[in-house]
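Read through the structure below, which is laid out as structure tokens, and then see the notes.
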Amino acid sequence: MSAFRSEFLTEFAARGHLHQCTNADGLDALMAKEHVPAYIGFDCTAASMHIGNLTQIMRLRILQRGGHKPIVVVGGGTTKIGDPSGKDETRQLLTDEKIEVHKERFKEIFRRFLKFGDGPSDAIMVDNADWLDKLPYIPFLREIGRHFSINRMITMDSVKLRLDREQPLSFLEFNYMILQAYDFVELFRRHGCRLQMGGSDQWGNIVSGIDLARRTDNVELFGLTSPLITTSSGAKMGKSAAGAVWLSADMLSPYDYWQYWRNVEDADVGRFMRIFTDLPLAEIARLESLQGSELNESKKILANEATALCHGSAEAERAAEAARQTFEGGGVSANLPTLEVPKAEWRAGLGILAAFTRAGLTSSNGDARRQIAGGGLRINDEPATDEKLVLTGEHLRDGAVKLSLGRKKHVLLRPV
RNA sequence: GGGGGAGUGUCCCGAGUGGCAAAGGGGGCGGACUGUAAAUCCGCUGGCUGACGCCUUCGUAGGUUCGAGUCCUACCUCCCCCA
């Protein structure tokens with residue numbers, strides 16, 4: 001299992017993406033001899049993708065580097081159903097309008113990470129709404145539904161989990177597996193897609209597609225899953241102070257994105273570099289072997305690389321510079337996230353409670369009060385002690401006030 | 001269709017049966033210690049207020065009561081058993 005012949009599987013495994021494969025030897029042989037179209041599906045459940053989805057995108061990048069064709073499937077159709085895999089509860093149903101908006105935002109993100117076009121290893125993007133939305137019910141049941149055994153379906157983890165926990169599973173959700181299976185077959189027919197990848201929670205759905213294809217089209221398709229990425233301390237990845245680690249700059253600034261990577265645990269540096277950057281494996285091995293505080297340099301490289309991939313090298317550079325000035329220079333960087341307040345409002349007198357809350361550092365005036373009591377707020381690096389303080393011109397440094405929550409979170413408040 | 005059970009601080013789990021802004025966890029945030037790490041210890045974790053205090057919260061809507069998460073009625077959602 002360890003020695004693969006195909007460039008793709010070799011790198012895929014070396015970077016820690018390999019969890020299960022339906023037929024590793026068969027897939028390896030196939031990928032060593034031809035360009036294989038392969039897909040990953042993404043449901044449009046949120047207004048942006050986060051680094052959990054990024055793991056999937058990185059897998060498509062490896063695929064593309066290996067000379068194969070990535071097929072990005074946006075789930076315009078399946079999002080209307082809601083995948084029960086790995087979830088305790090039914091997700092709230094999204095409106096069609098929202099799904100459309102999310103879809104467009106997803107497309108924009110994919111274009112940053114993958115090269116699209118008509119070439120043999122250029123990525124393509126398709127929407128499963130194109131074939132799912134207009135499926136006629138009875139013919140679909142007769143052609144596809146008859147291949148699915150309820151007996152088998154209720155043993156699948158995605159279904160079993162719900163049943164075992166006595167959580168509701170609607171018929172709508174129950175159908176998700178069937179539709180995803182059908183997607184795979186449809187992608188094979190339309191684009192010659194032979195491989196579906198996904199997280200380990202997708203195993204059942206993927207295998208269902210492979211079974212279906214064997215029955216309907218008498219063809220062997222392949223499935224490849226990846227481990228769920230967690231931090232060393234066991235937490236699911238992707239949570240930051242502000243919530244999920246989003247890939248869209250309007251939901252998480254490049255500065256904060258950079259900071260997320262800069263702050264990973266020591267034990268995660270190498271593993272994350274392999275997954276979330278394109279750095280050569282030998283280089284990563286060297287960087288993760290650094291001891292003690294020297295590892296901080298590796299974390300900066302991780303942050304630079306990951307941010308450059310997502311937001312471009314210019315933004316990564318700005319974020320790195322802002323961090324350097326803020327944490328190492330003891331100064332104020334103009335590149336910190338900035339909140340502009342109208343001059344009129346500024347002159348009317350802005351209390352610090354309101355200022356911190358406006359800046360998003362505290363959630364309410366009460367929260368700001370509690371943080372002051374706990375010594376967590378600073379103004380221009382001076383601890384804030386008086387909650388009645390009103391900001392004035394004398395607080396301005398180069399036209400802005402630096403507000404800080406804790407050691408790490410800073411916002412510049414700038415009257416304009 | 002019949003019977004039984006459940007919905008609690010909108011991050012999660014979960015105690016609570018007439019006096020509750022509501023126990024306890026987890027998570028999160030802050031402080032100390034560090035290396036913007038981990039581990040550990042401490043504090044905070046409904047809104048407004050300088051403060052006394054006021055307001056809003058226990059599935060929804062009514063009712064009983066000086067007073068209801070707690071009792072009553074109807075409704076909604078879900079689970080289990082029977083059909």
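Note on naming: chains are A, B, ... as they come in the structure tokens, residues start from 1 per chain, ligands start from 1 in the order shown.
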
**Prompt:** Residues of chain B within 9 Å of chain A, using only C-alpha atoms (C1' of nucleotides), as an MDAnalysis selection string?
**Reply:** chainID B and resid 28:31 35:38 43:45 47:48 50 78:80

Please produce a file of the residues just selected, as a tab-separated table (two decimals), in the first residue's frame, where the atoms kept are C-alpha atoms (C1' of nucleotides).
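Written out: again-v3.tsv:
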```
chain	number	residue	atom	x	y	z
B	28	G	C1'	-15.02	30.19	24.09
B	29	C	C1'	-12.72	34.82	25.86
B	30	G	C1'	-9.38	37.38	29.26
B	31	G	C1'	-5.21	37.31	33.06
B	35	G	C1'	7.83	31.32	22.31
B	36	U	C1'	1.80	35.16	19.30
B	37	A	C1'	2.89	27.27	21.27
B	38	A	C1'	1.35	23.37	24.76
B	43	G	C1'	-11.24	35.33	36.38
B	44	C	C1'	-15.32	36.15	32.93
B	45	U	C1'	-19.06	33.97	29.75
B	47	G	C1'	-28.94	43.42	27.44
B	48	C	C1'	-28.91	48.57	29.33
B	50	G	C1'	-21.37	55.30	37.04
B	78	C	C1'	-39.42	15.45	17.76
B	79	C	C1'	-38.67	10.40	19.86
B	80	C	C1'	-40.54	5.48	21.42
```

Find the residues near A:Phe356: any atom within 10 Å, counting only C-alpha atoms (C1' of nucleotides), skip ones fewer than 3 places away on the same chain, and give them as a PDB file with C-alpha atoms, in the first residue's frame.
```pdb
ATOM      1  CA  GLY A 351     -16.671  56.196  24.654  1.00  0.00           C
ATOM      2  CA  ILE A 352     -14.261  53.314  24.819  1.00  0.00           C
ATOM      3  CA  LEU A 353     -16.979  50.778  25.549  1.00  0.00           C
ATOM      4  CA  ALA A 359     -14.405  47.456  16.395  1.00  0.00           C
ATOM      5  CA  GLY A 360     -15.789  43.991  16.940  1.00  0.00           C
ATOM      6  CA  LEU A 361     -13.371  43.209  19.740  1.00  0.00           C
ATOM      7  CA  THR A 362     -16.121  43.016  22.329  1.00  0.00           C
ATOM      8  CA  SER A 363     -19.677  41.869  21.766  1.00  0.00           C
ATOM      9  CA  SER A 364     -21.453  44.486  23.884  1.00  0.00           C
ATOM     10  CA  ASN A 365     -20.793  47.303  26.285  1.00  0.00           C
ATOM     11  CA  ASP A 367     -18.696  42.546  27.579  1.00  0.00           C
ATOM     12  CA  ALA A 368     -16.305  45.468  27.213  1.00  0.00           C
ATOM     13  CA  LEU A 377      -8.413  45.769  26.941  1.00  0.00           C
ATOM     14  CA  ARG A 378      -5.688  48.173  25.937  1.00  0.00           C
ATOM     15  CA  ILE A 379      -5.647  51.525  24.175  1.00  0.00           C
ATOM     16  CA  LEU A 403      -7.459  49.128  20.314  1.00  0.00           C
ATOM     17  CA  SER A 404      -6.389  45.740  21.595  1.00  0.00           C
ATOM     18  CA  LEU A 405      -8.129  42.781  23.156  1.00  0.00           C
ATOM     19  CA  VAL A 411      -7.880  46.998  15.508  1.00  0.00           C
ATOM     20  CA  LEU A 413      -9.812  53.067  14.842  1.00  0.00           C
TER      21      LEU A 413
END
```

Set the distance at 10 Å and use only C-alpha atoms (C1' of nucleotides): which residues neighbour B:U8 once local chain neighbours fewer than 4 positions away are removed? I'd like the list as a compact mmCIF listing (two decimals) with C-alpha atoms (C1' of nucleotides), in the first residue's frame.
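The result, stored in selection_2.txt:
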```txt
# COMPACT_ATOMS: atom_id res chain seq x y z
C1' G B 14 -27.36 19.44 31.29
C1' A B 15 -29.56 20.16 36.78
C1' G B 16 -33.78 22.54 38.18
C1' A B 22 -31.65 30.04 36.78
C1' U B 57 -34.75 34.74 28.62
C1' C B 58 -36.51 28.04 29.94
C1' G B 69 -38.78 27.24 33.85
```

**Request:** Apply DSSP to the structure's backbone, then extract all residues of stretch 1-90 of chain A labelled strand (DSSP E) and return them as a PyMOL selection string.
**Result:** chain A and resi 20-21+37-42+69-74

So that I have them on file, write out the residues from the current selection with all heavy atoms, as an mmCIF file, in the first residue's frame.
```cif
data_model
loop_
_atom_site.group_PDB
_atom_site.id
_atom_site.type_symbol
_atom_site.label_atom_id
_atom_site.label_comp_id
_atom_site.auth_asym_id
_atom_site.auth_seq_id
_atom_site.Cartn_x
_atom_site.Cartn_y
_atom_site.Cartn_z
ATOM 1 N N GLN A 20 -8.942 6.023 3.200
ATOM 2 C CA GLN A 20 -9.423 4.770 2.641
ATOM 3 C C GLN A 20 -9.497 4.891 1.131
ATOM 4 O O GLN A 20 -9.754 5.969 0.598
ATOM 5 C CB GLN A 20 -10.847 4.475 3.135
ATOM 6 C CG GLN A 20 -10.950 3.906 4.533
ATOM 7 C CD GLN A 20 -12.396 3.747 4.940
ATOM 8 O OE1 GLN A 20 -13.085 4.717 5.191
ATOM 9 N NE2 GLN A 20 -12.854 2.513 4.995
ATOM 10 N N CYS A 21 -9.314 3.759 0.462
ATOM 11 C CA CYS A 21 -9.461 3.734 -0.980
ATOM 12 C C CYS A 21 -10.182 2.448 -1.354
ATOM 13 O O CYS A 21 -9.953 1.404 -0.755
ATOM 14 C CB CYS A 21 -8.085 3.784 -1.663
ATOM 15 S SG CYS A 21 -8.209 3.872 -3.463
ATOM 16 N N PRO A 37 -9.999 12.048 -14.856
ATOM 17 C CA PRO A 37 -10.869 13.095 -14.285
ATOM 18 C C PRO A 37 -11.404 12.616 -12.937
ATOM 19 O O PRO A 37 -11.831 11.471 -12.802
ATOM 20 C CB PRO A 37 -12.011 13.202 -15.311
ATOM 21 C CG PRO A 37 -11.517 12.501 -16.541
ATOM 22 C CD PRO A 37 -10.591 11.439 -16.047
ATOM 23 N N ALA A 38 -11.349 13.488 -11.943
ATOM 24 C CA ALA A 38 -11.795 13.110 -10.602
ATOM 25 C C ALA A 38 -12.556 14.268 -9.979
ATOM 26 O O ALA A 38 -12.287 15.433 -10.288
ATOM 27 C CB ALA A 38 -10.599 12.757 -9.727
ATOM 28 N N TYR A 39 -13.491 13.944 -9.117
ATOM 29 C CA TYR A 39 -14.295 15.042 -8.586
ATOM 30 C C TYR A 39 -14.420 15.043 -7.071
ATOM 31 O O TYR A 39 -14.257 14.018 -6.403
ATOM 32 C CB TYR A 39 -15.678 15.042 -9.228
ATOM 33 C CG TYR A 39 -16.831 14.414 -8.460
ATOM 34 C CD1 TYR A 39 -17.629 15.198 -7.618
ATOM 35 C CD2 TYR A 39 -17.159 13.070 -8.627
ATOM 36 C CE1 TYR A 39 -18.727 14.648 -6.948
ATOM 37 C CE2 TYR A 39 -18.257 12.520 -7.963
ATOM 38 C CZ TYR A 39 -19.034 13.300 -7.124
ATOM 39 O OH TYR A 39 -20.113 12.768 -6.476
ATOM 40 N N ILE A 40 -14.700 16.233 -6.566
ATOM 41 C CA ILE A 40 -15.107 16.414 -5.175
ATOM 42 C C ILE A 40 -16.327 17.331 -5.215
ATOM 43 O O ILE A 40 -16.355 18.305 -5.960
ATOM 44 C CB ILE A 40 -14.009 17.083 -4.319
ATOM 45 C CG1 ILE A 40 -12.743 16.208 -4.265
ATOM 46 C CG2 ILE A 40 -14.521 17.319 -2.893
ATOM 47 C CD1 ILE A 40 -11.616 16.799 -3.440
ATOM 48 N N GLY A 41 -17.323 16.995 -4.423
ATOM 49 C CA GLY A 41 -18.524 17.825 -4.387
ATOM 50 C C GLY A 41 -18.513 18.769 -3.202
ATOM 51 O O GLY A 41 -18.002 18.442 -2.132
ATOM 52 N N PHE A 42 -19.069 19.949 -3.421
ATOM 53 C CA PHE A 42 -19.137 20.952 -2.361
ATOM 54 C C PHE A 42 -20.564 21.489 -2.269
ATOM 55 O O PHE A 42 -21.063 22.096 -3.214
ATOM 56 C CB PHE A 42 -18.199 22.131 -2.656
ATOM 57 C CG PHE A 42 -16.745 21.746 -2.729
ATOM 58 C CD1 PHE A 42 -16.205 21.216 -3.893
ATOM 59 C CD2 PHE A 42 -15.917 21.914 -1.629
ATOM 60 C CE1 PHE A 42 -14.861 20.864 -3.966
ATOM 61 C CE2 PHE A 42 -14.568 21.570 -1.685
ATOM 62 C CZ PHE A 42 -14.049 21.043 -2.859
ATOM 63 N N LYS A 69 -7.395 15.633 -14.105
ATOM 64 C CA LYS A 69 -8.382 16.699 -14.313
ATOM 65 C C LYS A 69 -9.324 16.836 -13.121
ATOM 66 O O LYS A 69 -10.131 15.934 -12.873
ATOM 67 C CB LYS A 69 -9.196 16.387 -15.569
ATOM 68 C CG LYS A 69 -10.085 17.546 -16.003
ATOM 69 C CD LYS A 69 -10.759 17.239 -17.327
ATOM 70 C CE LYS A 69 -11.408 18.492 -17.925
ATOM 71 N NZ LYS A 69 -10.402 19.503 -18.307
ATOM 72 N N PRO A 70 -9.244 17.948 -12.396
ATOM 73 C CA PRO A 70 -10.151 18.154 -11.262
ATOM 74 C C PRO A 70 -11.526 18.619 -11.740
ATOM 75 O O PRO A 70 -11.628 19.519 -12.573
ATOM 76 C CB PRO A 70 -9.489 19.283 -10.450
ATOM 77 C CG PRO A 70 -8.111 19.465 -11.041
ATOM 78 C CD PRO A 70 -8.224 19.013 -12.468
ATOM 79 N N ILE A 71 -12.532 17.949 -11.233
ATOM 80 C CA ILE A 71 -13.897 18.384 -11.498
ATOM 81 C C ILE A 71 -14.482 18.891 -10.190
ATOM 82 O O ILE A 71 -14.628 18.132 -9.231
ATOM 83 C CB ILE A 71 -14.762 17.230 -12.038
ATOM 84 C CG1 ILE A 71 -14.163 16.667 -13.333
ATOM 85 C CG2 ILE A 71 -16.196 17.707 -12.289
ATOM 86 C CD1 ILE A 71 -14.887 15.421 -13.830
ATOM 87 N N VAL A 72 -14.752 20.181 -10.153
ATOM 88 C CA VAL A 72 -15.362 20.761 -8.963
ATOM 89 C C VAL A 72 -16.869 20.707 -9.141
ATOM 90 O O VAL A 72 -17.404 21.257 -10.101
ATOM 91 C CB VAL A 72 -14.926 22.227 -8.786
ATOM 92 C CG1 VAL A 72 -15.680 22.860 -7.624
ATOM 93 C CG2 VAL A 72 -13.422 22.319 -8.567
ATOM 94 N N VAL A 73 -17.532 20.008 -8.268
ATOM 95 C CA VAL A 73 -18.990 19.957 -8.346
ATOM 96 C C VAL A 73 -19.565 20.834 -7.252
ATOM 97 O O VAL A 73 -19.369 20.571 -6.065
ATOM 98 C CB VAL A 73 -19.508 18.510 -8.185
ATOM 99 C CG1 VAL A 73 -21.030 18.503 -8.138
ATOM 100 C CG2 VAL A 73 -19.005 17.641 -9.325
ATOM 101 N N VAL A 74 -20.233 21.905 -7.674
ATOM 102 C CA VAL A 74 -20.930 22.697 -6.659
ATOM 103 C C VAL A 74 -22.337 22.115 -6.550
ATOM 104 O O VAL A 74 -22.999 21.831 -7.541
ATOM 105 C CB VAL A 74 -20.968 24.204 -6.992
ATOM 106 C CG1 VAL A 74 -19.576 24.800 -6.888
ATOM 107 C CG2 VAL A 74 -21.547 24.456 -8.357
#
```

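Atom CA of A:Glu104 to atom CA of A:Trp131 spans 18.3 Å [interatomic distance, one decimal].
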
**B:G46 surroundings by only C-alpha atoms (C1' of nucleotides), 9 Å radius, close-in-sequence under 6 positions cut, as a VMD selection string** = chain B and resid 9 21 56 to 57

Can you spit out the residues from that selection as an mmCIF file, in the first residue's frame, using N, CA and C atoms (P, O5', C5', C4', C3', O3' and C1' of nucleotides)?
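So again09.cif came out as:
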```
data_model
loop_
_atom_site.group_PDB
_atom_site.id
_atom_site.type_symbol
_atom_site.label_atom_id
_atom_site.label_comp_id
_atom_site.auth_asym_id
_atom_site.auth_seq_id
_atom_site.Cartn_x
_atom_site.Cartn_y
_atom_site.Cartn_z
ATOM 1 P P G B 9 -31.780 27.391 25.912
ATOM 2 O "O5'" G B 9 -30.995 28.523 26.657
ATOM 3 C "C5'" G B 9 -31.540 29.853 26.681
ATOM 4 C "C4'" G B 9 -30.699 30.677 27.562
ATOM 5 C "C3'" G B 9 -29.287 30.942 27.056
ATOM 6 O "O3'" G B 9 -29.325 32.189 26.389
ATOM 7 C "C1'" G B 9 -29.391 30.579 29.416
ATOM 8 P P A B 21 -35.068 36.189 39.830
ATOM 9 O "O5'" A B 21 -33.663 35.702 39.220
ATOM 10 C "C5'" A B 21 -33.064 36.350 38.139
ATOM 11 C "C4'" A B 21 -31.805 35.601 37.761
ATOM 12 C "C3'" A B 21 -30.514 36.376 37.999
ATOM 13 O "O3'" A B 21 -29.435 35.510 38.302
ATOM 14 C "C1'" A B 21 -30.754 35.898 35.694
ATOM 15 P P U B 56 -39.628 42.888 30.076
ATOM 16 O "O5'" U B 56 -38.555 42.026 29.273
ATOM 17 C "C5'" U B 56 -38.461 42.144 27.853
ATOM 18 C "C4'" U B 56 -37.426 41.177 27.341
ATOM 19 C "C3'" U B 56 -37.654 39.725 27.750
ATOM 20 O "O3'" U B 56 -38.611 39.078 26.934
ATOM 21 C "C1'" U B 56 -35.418 40.279 28.158
ATOM 22 P P U B 57 -39.138 37.646 27.358
ATOM 23 O "O5'" U B 57 -37.797 36.819 27.209
ATOM 24 C "C5'" U B 57 -37.855 35.481 26.959
ATOM 25 C "C4'" U B 57 -36.510 34.831 27.068
ATOM 26 C "C3'" U B 57 -36.587 33.529 27.839
ATOM 27 O "O3'" U B 57 -37.134 32.506 27.018
ATOM 28 C "C1'" U B 57 -34.749 34.737 28.624
#
```

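Rounded to one decimal, atom CA of A:Ala29 and atom CA of A:Phe4 lie 8.6 Å from each other.
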
**Prompt:** Counting only C-alpha atoms (C1' of nucleotides), what is within 6 Å of A:His68, bar same-chain residues fewer than 3 positions away, as a PyMOL selection string?
**Reply:** chain A and resi 35-37+63-64+121

**Item:** All helix (DSSP H, G or I) residues (DSSP, backbone) inside stretch 201-324 of chain A, as an MDAnalysis selection string
**Value:** chainID A and resid 201:217 254:262 266:276 281:288 292:311 313:324
